[in-house]
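Asker: Contents are mmCIF, C-alpha atoms and all ligand atoms; file name coords16.cif:
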data_target
#
loop_
_atom_site.label_atom_id
_atom_site.label_comp_id
_atom_site.auth_asym_id
_atom_site.auth_seq_id
_atom_site.Cartn_x
_atom_site.Cartn_y
_atom_site.Cartn_z
CA MET A 1 1.22 -15.91 1.62
CA PRO A 2 0.47 -19.57 2.36
CA SER A 3 4.06 -20.70 2.66
CA GLU A 4 3.06 -24.04 4.17
CA GLU A 5 1.50 -24.97 0.86
CA MET A 6 4.52 -23.77 -0.99
CA LEU A 7 6.96 -25.65 1.13
CA SER A 8 5.15 -28.84 0.35
CA LEU A 9 5.49 -27.87 -3.34
CA ASN A 10 1.98 -29.02 -3.70
CA PHE A 11 0.83 -25.97 -5.65
CA PRO A 12 -2.94 -25.76 -5.59
CA VAL A 13 -5.05 -24.64 -8.52
CA PRO A 14 -3.81 -21.14 -9.46
CA HIS A 15 -4.53 -18.45 -6.94
CA VAL A 16 -4.96 -14.80 -7.74
CA PRO A 17 -2.37 -12.69 -5.94
CA LYS A 18 -3.55 -9.77 -3.85
CA ASN A 19 -0.41 -7.69 -4.52
CA PRO A 20 2.03 -7.72 -7.46
CA VAL A 21 4.18 -10.84 -7.65
CA LEU A 22 7.42 -11.20 -9.53
CA GLY A 23 7.39 -13.11 -12.82
CA TRP A 24 8.88 -13.04 -16.28
CA SER A 25 6.21 -10.55 -17.28
CA SER A 26 7.40 -8.06 -14.63
CA PHE A 27 10.43 -7.44 -16.85
CA SER A 28 8.44 -6.99 -20.05
CA ARG A 29 8.54 -3.56 -21.65
CA ALA A 30 5.42 -4.21 -23.70
CA SER A 31 2.40 -2.20 -22.67
CA SER A 32 -0.96 -2.97 -24.09
CA THR A 33 -2.99 0.17 -24.32
CA GLU A 34 -1.16 3.40 -23.70
CA GLU A 35 1.95 5.09 -25.05
CA PRO A 36 4.88 3.52 -23.18
CA ILE A 37 7.32 6.41 -23.53
CA ALA A 38 4.87 8.95 -22.17
CA LEU A 39 3.97 6.60 -19.33
CA ALA A 40 7.58 5.94 -18.40
CA LYS A 41 7.96 9.70 -17.96
CA MET A 42 4.90 10.10 -15.78
CA PRO A 43 5.72 12.15 -12.66
CA SER A 44 6.43 10.03 -9.63
CA VAL A 45 7.02 10.64 -5.96
CA LEU A 46 10.10 8.44 -6.43
CA SER A 47 11.61 11.17 -8.66
CA LEU A 48 11.65 13.81 -5.92
CA PRO A 49 15.10 15.25 -5.25
CA ASN A 50 15.27 13.97 -1.66
CA LYS A 51 14.42 10.36 -0.99
CA ARG A 52 15.50 7.44 1.18
CA TYR A 53 14.31 3.90 0.80
CA VAL A 54 13.15 2.25 4.01
CA THR A 55 11.16 -0.91 4.65
CA SER A 56 7.56 0.38 4.65
CA ALA A 57 5.34 3.45 4.43
CA ARG A 58 4.54 3.33 8.14
CA VAL A 59 8.25 3.64 8.89
CA ALA A 60 8.43 6.57 6.46
CA ILE A 61 5.50 8.27 8.23
CA ALA A 62 7.16 7.75 11.62
CA LEU A 63 10.45 9.19 10.33
CA ALA A 64 8.63 12.18 8.83
CA LEU A 65 6.90 12.83 12.16
CA GLN A 66 10.19 12.56 14.03
CA ARG A 67 11.87 14.95 11.63
CA LEU A 68 9.05 17.40 12.17
CA GLY A 69 9.70 17.17 15.90
CA VAL A 70 6.33 15.60 16.68
CA GLY A 71 6.30 14.04 20.14
CA HIS A 72 4.49 13.69 23.43
CA GLY A 73 1.57 16.04 23.93
CA ASP A 74 1.33 16.90 20.24
CA ARG A 75 -1.66 16.16 18.04
CA VAL A 76 -1.65 14.94 14.47
CA LEU A 77 -4.60 15.29 12.10
CA VAL A 78 -5.40 11.97 10.44
CA PRO A 79 -8.43 10.94 8.37
CA ALA A 80 -11.18 9.04 10.16
CA TYR A 81 -11.24 6.49 7.32
CA HIS A 82 -7.88 4.81 7.70
CA CYS A 83 -5.98 1.59 8.00
CA LEU A 84 -4.36 1.02 11.35
CA SER A 85 -0.85 1.38 10.00
CA MET A 86 -1.57 5.05 9.22
CA VAL A 87 -2.24 5.74 12.90
CA GLU A 88 0.41 3.42 14.37
CA PRO A 89 3.36 5.81 13.64
CA ILE A 90 1.54 8.74 15.26
CA VAL A 91 1.01 6.87 18.49
CA PHE A 92 4.53 5.46 18.25
CA CYS A 93 5.87 9.04 18.30
CA GLY A 94 3.88 9.73 21.46
CA ALA A 95 1.39 12.03 19.73
CA LYS A 96 -2.39 11.84 19.76
CA PRO A 97 -4.27 11.13 16.54
CA CYS A 98 -6.92 13.75 15.93
CA PHE A 99 -9.40 12.27 13.46
CA PHE A 100 -11.09 14.38 10.81
CA PRO A 101 -14.05 13.47 8.56
CA LEU A 102 -13.98 13.01 4.80
CA THR A 103 -16.42 13.78 2.02
CA PRO A 104 -18.26 10.91 0.29
CA LYS A 105 -15.48 10.93 -2.36
CA LEU A 106 -12.79 10.77 0.34
CA GLU A 107 -11.73 14.40 -0.03
CA VAL A 108 -10.45 16.51 2.87
CA PRO A 109 -13.27 18.93 3.83
CA LEU A 110 -11.38 22.10 4.67
CA ASP A 111 -14.49 23.94 5.83
CA ALA A 112 -14.94 21.32 8.55
CA LEU A 113 -11.27 21.48 9.50
CA GLU A 114 -11.49 25.27 9.85
CA ARG A 115 -13.88 24.71 12.77
CA TYR A 116 -11.48 22.33 14.55
CA ASP A 117 -9.51 23.16 17.64
CA LEU A 118 -6.06 23.15 16.04
CA SER A 119 -4.05 23.83 19.18
CA ASN A 120 -1.00 21.56 19.48
CA VAL A 121 -1.63 20.13 16.00
CA ARG A 122 1.88 19.53 14.65
CA ALA A 123 1.15 17.71 11.38
CA ILE A 124 -1.61 16.58 9.04
CA LEU A 125 -1.55 13.26 7.19
CA VAL A 126 -3.17 13.61 3.77
CA THR A 127 -3.94 10.32 2.04
CA HIS A 128 -4.30 9.97 -1.72
CA TYR A 129 -6.80 7.14 -1.40
CA PHE A 130 -6.46 4.34 -3.91
CA GLY A 131 -4.23 6.50 -6.14
CA PHE A 132 -6.69 9.39 -6.57
CA PRO A 133 -4.96 12.68 -5.71
CA GLN A 134 -6.27 15.09 -3.11
CA ALA A 135 -6.67 18.82 -3.83
CA MET A 136 -3.23 19.60 -2.50
CA ARG A 137 -3.13 23.30 -3.39
CA SER A 138 -5.99 24.22 -1.08
CA ILE A 139 -5.01 21.68 1.59
CA CYS A 140 -1.48 23.10 1.73
CA ALA A 141 -2.82 26.67 1.77
CA PHE A 142 -4.97 25.75 4.78
CA ALA A 143 -2.12 23.94 6.51
CA HIS A 144 0.39 26.72 5.94
CA ALA A 145 -2.07 29.33 7.17
CA HIS A 146 -2.25 27.40 10.43
CA GLY A 147 1.45 26.53 10.60
CA ILE A 148 0.77 22.80 10.23
CA PRO A 149 3.29 20.70 8.28
CA VAL A 150 1.86 18.29 5.71
CA ILE A 151 2.78 14.63 5.27
CA GLU A 152 1.45 13.25 1.99
CA ASP A 153 0.48 9.63 2.45
CA CYS A 154 1.44 8.24 -0.96
CA ALA A 155 1.05 4.62 0.12
CA HIS A 156 -1.55 4.26 -2.65
CA ALA A 157 -0.16 6.81 -5.10
CA ILE A 158 3.34 6.54 -6.49
CA PHE A 159 2.66 7.97 -9.96
CA GLY A 160 0.71 10.95 -11.18
CA VAL A 161 0.04 14.60 -10.57
CA ALA A 162 -1.83 16.45 -7.84
CA ASP A 163 -2.98 19.97 -8.77
CA GLY A 164 -0.38 20.28 -11.52
CA LYS A 165 2.64 19.08 -9.51
CA PRO A 166 4.08 15.58 -9.06
CA ILE A 167 2.24 13.63 -6.44
CA GLY A 168 4.16 13.76 -3.15
CA SER A 169 5.82 17.08 -3.96
CA TRP A 170 3.33 19.31 -2.12
CA GLY A 171 3.92 18.08 1.39
CA ASP A 172 6.87 18.63 3.69
CA TYR A 173 7.34 14.88 3.38
CA ALA A 174 5.77 12.02 1.46
CA ALA A 175 5.54 8.39 2.54
CA VAL A 176 5.40 5.60 -0.03
CA SER A 177 4.54 1.89 0.23
CA LEU A 178 6.45 0.01 -2.46
CA MET A 179 4.96 -3.46 -1.92
CA LYS A 180 1.65 -2.18 -3.24
CA PHE A 181 3.05 -1.28 -6.66
CA PHE A 182 6.14 -3.45 -7.12
CA PRO A 183 6.63 -7.20 -6.67
CA VAL A 184 8.86 -6.79 -3.63
CA TYR A 185 8.91 -8.29 -0.17
CA ASP A 186 9.75 -5.06 1.64
CA GLY A 187 9.89 -1.41 0.78
CA GLY A 188 8.85 2.09 1.59
CA CYS A 189 10.22 5.47 0.76
CA LEU A 190 10.48 8.76 2.61
CA ALA A 191 10.64 11.56 0.05
CA SER A 192 10.55 15.33 0.01
CA ALA A 193 10.66 18.05 -2.61
CA THR A 194 12.05 20.57 -0.16
CA ASN A 195 13.65 18.92 2.87
CA SER A 196 17.04 17.30 2.67
CA LEU A 197 17.28 13.75 3.99
CA ASP A 198 21.08 13.60 3.84
CA ASP A 199 21.44 13.35 7.60
CA LEU A 200 19.12 10.36 7.91
CA ARG A 201 21.28 7.47 9.08
CA LEU A 202 20.06 4.09 7.89
CA GLN A 203 21.68 0.71 8.38
CA ARG A 204 21.76 -2.22 6.03
CA PRO A 205 19.35 -4.98 6.95
CA SER A 206 20.86 -8.24 8.15
CA PRO A 207 22.21 -10.76 5.58
CA ARG A 208 19.36 -13.04 6.57
CA PHE A 209 16.80 -10.43 5.65
CA GLU A 210 18.60 -9.56 2.41
CA ALA A 211 18.45 -13.21 1.38
CA LYS A 212 14.89 -13.62 2.51
CA ALA A 213 13.68 -10.56 0.59
CA LEU A 214 15.16 -11.90 -2.64
CA LEU A 215 14.08 -15.49 -2.19
CA ASN A 216 10.64 -14.55 -1.04
CA SER A 217 9.97 -12.52 -4.21
CA ILE A 218 11.04 -15.46 -6.35
CA GLU A 219 9.12 -17.90 -4.20
CA ARG A 220 5.89 -15.93 -4.49
CA GLY A 221 6.31 -15.72 -8.23
CA LEU A 222 6.77 -19.48 -8.40
CA PHE A 223 3.82 -20.09 -6.19
CA TYR A 224 1.58 -18.09 -8.47
CA ARG A 225 3.15 -19.72 -11.52
CA ARG A 226 4.61 -16.50 -12.88
CA PHE A 227 7.84 -18.12 -14.07
CA PRO A 228 6.67 -20.53 -16.78
CA GLY A 229 9.45 -22.96 -17.64
CA MET A 230 11.09 -22.50 -14.27
CA GLN A 231 8.71 -24.34 -11.98
CA ALA A 232 11.17 -27.22 -11.78
CA ALA A 233 13.67 -24.85 -10.20
CA ALA A 234 11.13 -24.17 -7.49
CA LYS A 235 12.17 -27.15 -5.48
CA THR A 236 15.81 -26.09 -5.35
CA THR A 237 14.92 -22.50 -4.47
CA LEU A 238 12.68 -23.55 -1.66
CA MET A 239 15.15 -26.12 -0.35
CA VAL A 240 17.92 -23.49 -0.26
CA LYS A 241 15.63 -21.08 1.52
CA ASP A 242 14.55 -23.72 3.98
CA ALA A 243 18.12 -24.68 4.76
CA MET A 244 19.10 -21.03 5.26
CA TRP A 245 16.12 -20.41 7.45
CA ARG A 246 16.97 -23.36 9.67
CA GLY A 247 20.59 -22.15 9.86
CA PHE A 248 19.56 -18.67 10.95
CA LYS A 249 17.16 -20.06 13.49
CA ARG A 250 19.99 -22.11 15.00
CA MET A 251 22.22 -19.00 15.05
CA ARG A 252 19.49 -17.06 16.72
CA ALA A 253 18.98 -19.71 19.36
CA ARG A 254 22.72 -19.60 20.15
CA SER A 255 22.97 -15.80 20.29
CA ASN A 256 21.35 -13.44 22.74
CA ALA A 257 19.75 -11.42 19.96
CA THR A 258 16.71 -9.40 20.87
CA PRO A 259 13.58 -10.97 19.41
CA TYR A 260 13.13 -8.12 16.92
CA ALA A 261 16.55 -8.44 15.36
CA TYR A 262 15.54 -11.56 13.47
CA GLN A 263 11.98 -10.76 12.57
CA ASP A 264 10.74 -9.11 9.41
CA PRO A 265 9.08 -5.71 9.19
CA ALA A 266 5.41 -5.89 10.16
CA ALA A 267 4.41 -4.52 6.74
CA SER A 268 6.17 -7.42 4.98
CA GLU A 269 4.41 -9.88 7.22
CA GLY A 270 1.06 -8.32 6.34
CA VAL A 271 0.27 -7.16 9.85
CA ASN A 272 -0.24 -3.79 11.47
CA GLY A 273 2.21 -2.42 13.94
CA LEU A 274 5.45 -0.54 13.91
CA ASP A 275 8.55 -2.27 15.10
CA PRO A 276 11.18 0.20 16.35
CA ALA A 277 13.96 -2.14 15.19
CA TRP A 278 13.07 -1.37 11.57
CA LEU A 279 12.99 2.41 11.87
CA ASP A 280 16.61 2.86 10.92
CA ARG A 281 16.86 0.07 8.34
CA ARG A 282 17.19 0.45 4.63
CA ILE A 283 15.15 -1.46 2.14
CA SER A 284 16.71 -4.76 1.09
CA PHE A 285 19.10 -4.63 -1.85
CA ALA A 286 16.94 -6.94 -4.00
CA SER A 287 13.79 -4.89 -3.46
CA GLN A 288 15.57 -1.63 -4.25
CA GLN A 289 16.98 -3.07 -7.48
CA LEU A 290 13.53 -4.24 -8.56
CA VAL A 291 11.95 -0.88 -7.73
CA GLU A 292 14.61 1.03 -9.63
CA HIS A 293 14.82 -1.20 -12.69
CA LEU A 294 11.45 -2.77 -13.45
CA PRO A 295 9.74 -1.09 -16.43
CA ILE A 296 7.30 1.52 -15.17
CA ALA A 297 5.17 1.97 -18.29
CA ARG A 298 3.76 -1.55 -18.06
CA ILE A 299 2.88 -1.11 -14.38
CA ILE A 300 1.01 2.09 -15.12
CA ALA A 301 -0.74 0.90 -18.27
CA ARG A 302 -1.85 -2.44 -16.87
CA ARG A 303 -3.14 -0.99 -13.62
CA ARG A 304 -5.15 1.56 -15.53
CA SER A 305 -6.57 -0.94 -17.99
CA ASN A 306 -7.39 -3.48 -15.25
CA TYR A 307 -9.16 -0.76 -13.30
CA LEU A 308 -11.18 0.29 -16.33
CA ARG A 309 -12.15 -3.33 -17.02
CA LEU A 310 -13.41 -3.72 -13.43
CA ASP A 311 -15.19 -0.39 -13.67
CA ALA A 312 -17.01 -1.38 -16.86
CA ALA A 313 -17.94 -4.84 -15.57
CA LEU A 314 -19.05 -3.89 -12.04
CA ARG A 315 -20.79 -0.58 -12.70
CA GLY A 316 -24.20 -2.17 -13.13
CA LEU A 317 -24.26 -4.27 -9.96
CA ARG A 318 -27.24 -4.14 -7.71
CA ASP A 319 -26.31 -2.95 -4.19
CA ALA A 320 -22.82 -1.80 -5.21
CA ARG A 321 -21.16 0.89 -7.27
CA PRO A 322 -17.64 2.09 -7.96
CA LEU A 323 -16.65 4.68 -5.36
CA PHE A 324 -15.22 7.04 -7.98
CA ASP A 325 -16.68 8.19 -11.29
CA GLY A 326 -14.30 6.81 -13.91
CA LEU A 327 -10.53 7.04 -13.95
CA PRO A 328 -9.14 10.49 -14.76
CA ASP A 329 -6.04 10.74 -16.97
CA GLY A 330 -2.89 10.59 -14.94
CA VAL A 331 -4.34 8.54 -12.08
CA VAL A 332 -2.55 5.25 -11.46
CA PRO A 333 -4.79 3.25 -9.17
CA TYR A 334 -3.73 1.08 -6.27
CA VAL A 335 -7.00 -0.90 -6.10
CA PHE A 336 -10.53 -0.66 -7.43
CA PRO A 337 -12.80 0.58 -4.60
CA LEU A 338 -16.35 -0.74 -4.74
CA LEU A 339 -18.92 0.78 -2.41
CA VAL A 340 -21.34 -1.88 -1.20
CA GLU A 341 -24.65 -1.77 0.61
CA ARG A 342 -25.24 -4.53 3.17
CA PRO A 343 -21.65 -5.70 2.66
CA ASP A 344 -21.06 -8.46 5.21
CA ARG A 345 -22.62 -11.47 3.54
CA VAL A 346 -21.11 -10.75 0.12
CA PHE A 347 -17.73 -9.99 1.64
CA ARG A 348 -17.61 -13.31 3.48
CA ARG A 349 -18.78 -15.17 0.39
CA LEU A 350 -16.08 -13.60 -1.80
CA LYS A 351 -13.39 -14.28 0.76
CA THR A 352 -14.48 -17.90 0.95
CA ASP A 353 -14.31 -18.10 -2.83
CA GLY A 354 -10.68 -16.97 -2.61
CA VAL A 355 -11.17 -13.55 -4.20
CA PRO A 356 -8.23 -11.46 -2.91
CA LEU A 357 -10.29 -8.47 -1.88
CA PHE A 358 -10.12 -6.72 1.46
CA ARG A 359 -11.52 -3.86 3.46
CA TRP A 360 -10.17 -1.97 6.44
CA GLU A 361 -12.81 -3.42 8.78
CA ARG A 362 -11.81 -1.66 11.93
CA LEU A 363 -10.98 1.92 12.81
CA TRP A 364 -8.38 2.86 15.40
CA ASN A 365 -10.94 3.59 18.13
CA ASP A 366 -14.50 4.69 18.80
CA GLU A 367 -13.44 8.32 18.64
CA ALA A 368 -12.67 7.92 14.92
CA ALA A 369 -16.08 6.36 14.29
CA LEU A 370 -17.87 9.03 16.31
CA THR A 371 -16.03 11.81 14.50
CA ASP A 372 -17.22 10.56 11.15
CA PRO A 373 -19.97 7.94 10.88
CA LEU A 374 -19.39 7.91 7.11
CA SER A 375 -15.80 6.78 7.60
CA ALA A 376 -17.03 4.10 10.00
CA ARG A 377 -19.37 2.86 7.27
CA PHE A 378 -16.68 3.04 4.63
CA ALA A 379 -14.51 0.74 6.72
CA THR A 380 -16.88 -2.12 6.00
CA GLU A 381 -18.59 -0.87 2.85
CA ILE A 382 -15.58 -0.14 0.66
CA PHE A 383 -14.31 -3.36 -0.88
CA GLN A 384 -10.80 -3.00 -2.26
CA LEU A 385 -10.39 -5.20 -5.33
CA PRO A 386 -6.95 -5.73 -6.86
CA CYS A 387 -6.12 -4.16 -10.22
CA HIS A 388 -2.35 -4.58 -10.10
CA GLN A 389 -0.19 -5.19 -13.12
CA GLU A 390 0.49 -8.86 -12.41
CA LEU A 391 -3.12 -9.97 -12.69
CA THR A 392 -3.51 -11.98 -15.84
CA ASP A 393 -6.54 -11.43 -18.04
CA GLU A 394 -7.88 -14.75 -16.73
CA ASP A 395 -7.38 -13.62 -13.13
CA LEU A 396 -9.32 -10.47 -13.82
CA GLU A 397 -12.19 -12.21 -15.57
CA TRP A 398 -12.36 -14.74 -12.76
CA ILE A 399 -12.60 -11.96 -10.15
CA ILE A 400 -15.33 -10.25 -12.17
CA GLU A 401 -17.30 -13.45 -12.56
CA ARG A 402 -17.05 -14.22 -8.82
CA VAL A 403 -18.12 -10.73 -7.81
CA GLN A 404 -21.03 -10.65 -10.26
CA THR A 405 -22.21 -14.06 -9.11
CA ALA A 406 -21.94 -13.18 -5.42
CA PHE A 407 -23.99 -10.01 -5.83
CA HIS A 408 -26.51 -11.70 -8.07
CA GLU A 409 -27.06 -14.52 -5.58
CA ALA A 410 -27.24 -12.11 -2.66
CA SER A 411 -29.95 -10.11 -4.37
CA GLU A 412 -31.93 -13.27 -5.18
CA ALA A 413 -31.76 -14.54 -1.59
C1 LIG B 501 -3.26 4.60 3.10
C2 LIG B 501 -2.14 3.83 3.72
N1 LIG B 501 -1.15 4.49 4.31
C3 LIG B 501 -0.11 3.85 4.88
C4 LIG B 501 -0.01 2.48 4.87
C5 LIG B 501 1.16 1.79 5.46
O1 LIG B 501 1.90 1.17 4.44
P1 LIG B 501 2.96 0.05 4.77
O2 LIG B 501 2.21 -1.25 4.86
O3 LIG B 501 3.94 0.07 3.64
O4 LIG B 501 3.59 0.41 6.05
C6 LIG B 501 -1.03 1.74 4.26
C7 LIG B 501 -0.98 0.28 4.28
O5 LIG B 501 -1.82 -0.43 3.87
C8 LIG B 501 -2.11 2.42 3.67
O6 LIG B 501 -3.11 1.75 3.07
#
Give the structure from the file, written as structure tokens.
Ligand SMILES: Cc1ncc(COP(=O)(O)O)c(C=O)c1O

Answerer:
Amino acid sequence: MPSEEMLSLNFPVPHVPKNPVLGWSSFSRASSTEEPIALAKMPSVLSLPNKRYVTSARVAIALALQRLGVGHGDRVLVPAYHCLSMVEPIVFCGAKPCFFPLTPKLEVPLDALERYDLSNVRAILVTHYFGFPQAMRSICAFAHAHGIPVIEDCAHAIFGVADGKPIGSWGDYAAVSLMKFFPVYDGGCLASATNSLDDLRLQRPSPRFEAKALLNSIERGLFYRRFPGMQAAAKTTLMVKDAMWRGFKRMRARSNATPYAYQDPAASEGVNGLDPAWLDRRISFASQQLVEHLPIARIIARRRSNYLRLDAALRGLRDARPLFDGLPDGVVPYVFPLLVERPDRVFRRLKTDGVPLFRWERLWNDEAALTDPLSARFATEIFQLPCHQELTDEDLEWIIERVQTAFHEASEA
């Protein structure tokens, strides 16, 4: 988030936020297209009987691995198409990532895995890419047959059903990334249908972080003009935050605190990495309250309708097509994945235009790319376009117009 611009209070022409931002509309119960009561009851990984809120999904993955006893000399199966923060916790635990290929629709190809050397494999990370569930029944049958515990990576999939059961409930553990679905500064969740988490000791974050998590959510909302009628309050909010920040910095300079103790979780700062200081920290109070109390039906309905709008508008592009065919009932998407031929020029152009799209760019190492050339291509060829609930209709139409124009001009060139 460009906080420099915000601190100057010189808000530029409206930006489109990459992830959900807090605003008055976040509290609205109205949902445009689908039945709100049914949606509010949609199965969710957050409804599993055992759950603990932490600060990010990568922390949740690391905790799951630790609880499974994964350590030095062990191997963990992880998809070759990944973001770095999926692999980070494996290496953090001292284990070796063992990359496996995916099908063109990002499914886990069990026939290929059957041929793998599975010695010392102590866990498999199964990712529900972009909110689309994996075939968990057969994956779990394979894993159980080989004595391999399953961690469901629900970073992209908080709501919905996989093979007839709530998403996240198949695995020994599930890891959730809350910042992707809720307008919060920090947040992850470790959940399990079967394993108690009662013995997991978590500490409260520092008062500085508690304050920052709350103020940052409000600040982002103000920056993106999501609190109409309250922009005048922006100045006060930012001045208070600034003053607090300076105060904490002075305190820090006077104390002998380790550098980590006053930094934010890497996930909140939008970078890869796993900071051990955040492994035993709870989510901030403000973020937990927002996650537990914001109306769910609107989140689900708007994400689905935004996705469908992008799907309809971008289906006919030359040199690009939606990765998936349509949006099945019960899928609540994280982003809209667009598969692009000759992606680099268009990607750069869209980034320059300010379209908040991204791609994973880089795999963990050459071994991942060699294991699965398709995953290596996907890293640059899958554009992830936002479809979150806090995009306004104008935001969405602007994104569509920019993408259509970029592809049109690229094909003319
Ligand atoms: C598939 C997947 N898993 C795990 C993570 C880690 O999530 P977090 O940033 O909450 O640690 C991400 C982050 O982008 C992700 O895309």

Asker: Quick one: residues within 9 Å of Pro333 (chain A), all atoms listed in the file counted, chain neighbours fewer than 6 positions away excluded, as a ChimeraX atom specification?

Answerer: /A:129-132,156-157,159,300,303-304,307,327,387-388

Asker: Output C-alpha atoms of each residue in that selection to a file, as an mmCIF file, keeping the file's coordinate frame.

Answerer:
data_model
loop_
_atom_site.group_PDB
_atom_site.id
_atom_site.type_symbol
_atom_site.label_atom_id
_atom_site.label_comp_id
_atom_site.auth_asym_id
_atom_site.auth_seq_id
_atom_site.Cartn_x
_atom_site.Cartn_y
_atom_site.Cartn_z
ATOM 1 C CA TYR A 129 -6.800 7.140 -1.400
ATOM 2 C CA PHE A 130 -6.460 4.340 -3.910
ATOM 3 C CA GLY A 131 -4.230 6.500 -6.140
ATOM 4 C CA PHE A 132 -6.690 9.390 -6.570
ATOM 5 C CA HIS A 156 -1.550 4.260 -2.650
ATOM 6 C CA ALA A 157 -0.160 6.810 -5.100
ATOM 7 C CA PHE A 159 2.660 7.970 -9.960
ATOM 8 C CA ILE A 300 1.010 2.090 -15.120
ATOM 9 C CA ARG A 303 -3.140 -0.990 -13.620
ATOM 10 C CA ARG A 304 -5.150 1.560 -15.530
ATOM 11 C CA TYR A 307 -9.160 -0.760 -13.300
ATOM 12 C CA LEU A 327 -10.530 7.040 -13.950
ATOM 13 C CA CYS A 387 -6.120 -4.160 -10.220
ATOM 14 C CA HIS A 388 -2.350 -4.580 -10.100
#

Asker: Quick one: everything within 10 Å of Ile61 (chain A), counting all atoms listed in the file, minus sequence neighbours fewer than 6 positions away in the same chain. Send it as a ChimeraX atom specification.

Answerer: /A:67,85-90,125,151-153,155,173-176,188-190

Asker: Now that the selection is made, can you save its residues with C-alpha atoms as an mmCIF file, keeping the file's coordinate frame?

Answerer:
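Generated file (part_23.cif):
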data_model
loop_
_atom_site.group_PDB
_atom_site.id
_atom_site.type_symbol
_atom_site.label_atom_id
_atom_site.label_comp_id
_atom_site.auth_asym_id
_atom_site.auth_seq_id
_atom_site.Cartn_x
_atom_site.Cartn_y
_atom_site.Cartn_z
ATOM 1 C CA ARG A 67 11.870 14.950 11.630
ATOM 2 C CA SER A 85 -0.850 1.380 10.000
ATOM 3 C CA MET A 86 -1.570 5.050 9.220
ATOM 4 C CA VAL A 87 -2.240 5.740 12.900
ATOM 5 C CA GLU A 88 0.410 3.420 14.370
ATOM 6 C CA PRO A 89 3.360 5.810 13.640
ATOM 7 C CA ILE A 90 1.540 8.740 15.260
ATOM 8 C CA LEU A 125 -1.550 13.260 7.190
ATOM 9 C CA ILE A 151 2.780 14.630 5.270
ATOM 10 C CA GLU A 152 1.450 13.250 1.990
ATOM 11 C CA ASP A 153 0.480 9.630 2.450
ATOM 12 C CA ALA A 155 1.050 4.620 0.120
ATOM 13 C CA TYR A 173 7.340 14.880 3.380
ATOM 14 C CA ALA A 174 5.770 12.020 1.460
ATOM 15 C CA ALA A 175 5.540 8.390 2.540
ATOM 16 C CA VAL A 176 5.400 5.600 -0.030
ATOM 17 C CA GLY A 188 8.850 2.090 1.590
ATOM 18 C CA CYS A 189 10.220 5.470 0.760
ATOM 19 C CA LEU A 190 10.480 8.760 2.610
#

Asker: Identify the residues around (-16.2, 0.3, 1.0) within a radius of 12 Å, measuring from all atoms listed in the file in the coordinates stated by the file, and give them as a ChimeraX atom specification.

Answerer: /A:81-82,104-106,129-130,319-324,335-344,347,357-362,374-385

Asker: Would you save the residues from that selection as an mmCIF file, in the coordinates of the input, using C-alpha atoms?

Answerer:
data_model
loop_
_atom_site.group_PDB
_atom_site.id
_atom_site.type_symbol
_atom_site.label_atom_id
_atom_site.label_comp_id
_atom_site.auth_asym_id
_atom_site.auth_seq_id
_atom_site.Cartn_x
_atom_site.Cartn_y
_atom_site.Cartn_z
ATOM 1 C CA TYR A 81 -11.240 6.490 7.320
ATOM 2 C CA HIS A 82 -7.880 4.810 7.700
ATOM 3 C CA PRO A 104 -18.260 10.910 0.290
ATOM 4 C CA LYS A 105 -15.480 10.930 -2.360
ATOM 5 C CA LEU A 106 -12.790 10.770 0.340
ATOM 6 C CA TYR A 129 -6.800 7.140 -1.400
ATOM 7 C CA PHE A 130 -6.460 4.340 -3.910
ATOM 8 C CA ASP A 319 -26.310 -2.950 -4.190
ATOM 9 C CA ALA A 320 -22.820 -1.800 -5.210
ATOM 10 C CA ARG A 321 -21.160 0.890 -7.270
ATOM 11 C CA PRO A 322 -17.640 2.090 -7.960
ATOM 12 C CA LEU A 323 -16.650 4.680 -5.360
ATOM 13 C CA PHE A 324 -15.220 7.040 -7.980
ATOM 14 C CA VAL A 335 -7.000 -0.900 -6.100
ATOM 15 C CA PHE A 336 -10.530 -0.660 -7.430
ATOM 16 C CA PRO A 337 -12.800 0.580 -4.600
ATOM 17 C CA LEU A 338 -16.350 -0.740 -4.740
ATOM 18 C CA LEU A 339 -18.920 0.780 -2.410
ATOM 19 C CA VAL A 340 -21.340 -1.880 -1.200
ATOM 20 C CA GLU A 341 -24.650 -1.770 0.610
ATOM 21 C CA ARG A 342 -25.240 -4.530 3.170
ATOM 22 C CA PRO A 343 -21.650 -5.700 2.660
ATOM 23 C CA ASP A 344 -21.060 -8.460 5.210
ATOM 24 C CA PHE A 347 -17.730 -9.990 1.640
ATOM 25 C CA LEU A 357 -10.290 -8.470 -1.880
ATOM 26 C CA PHE A 358 -10.120 -6.720 1.460
ATOM 27 C CA ARG A 359 -11.520 -3.860 3.460
ATOM 28 C CA TRP A 360 -10.170 -1.970 6.440
ATOM 29 C CA GLU A 361 -12.810 -3.420 8.780
ATOM 30 C CA ARG A 362 -11.810 -1.660 11.930
ATOM 31 C CA LEU A 374 -19.390 7.910 7.110
ATOM 32 C CA SER A 375 -15.800 6.780 7.600
ATOM 33 C CA ALA A 376 -17.030 4.100 10.000
ATOM 34 C CA ARG A 377 -19.370 2.860 7.270
ATOM 35 C CA PHE A 378 -16.680 3.040 4.630
ATOM 36 C CA ALA A 379 -14.510 0.740 6.720
ATOM 37 C CA THR A 380 -16.880 -2.120 6.000
ATOM 38 C CA GLU A 381 -18.590 -0.870 2.850
ATOM 39 C CA ILE A 382 -15.580 -0.140 0.660
ATOM 40 C CA PHE A 383 -14.310 -3.360 -0.880
ATOM 41 C CA GLN A 384 -10.800 -3.000 -2.260
ATOM 42 C CA LEU A 385 -10.390 -5.200 -5.330
#
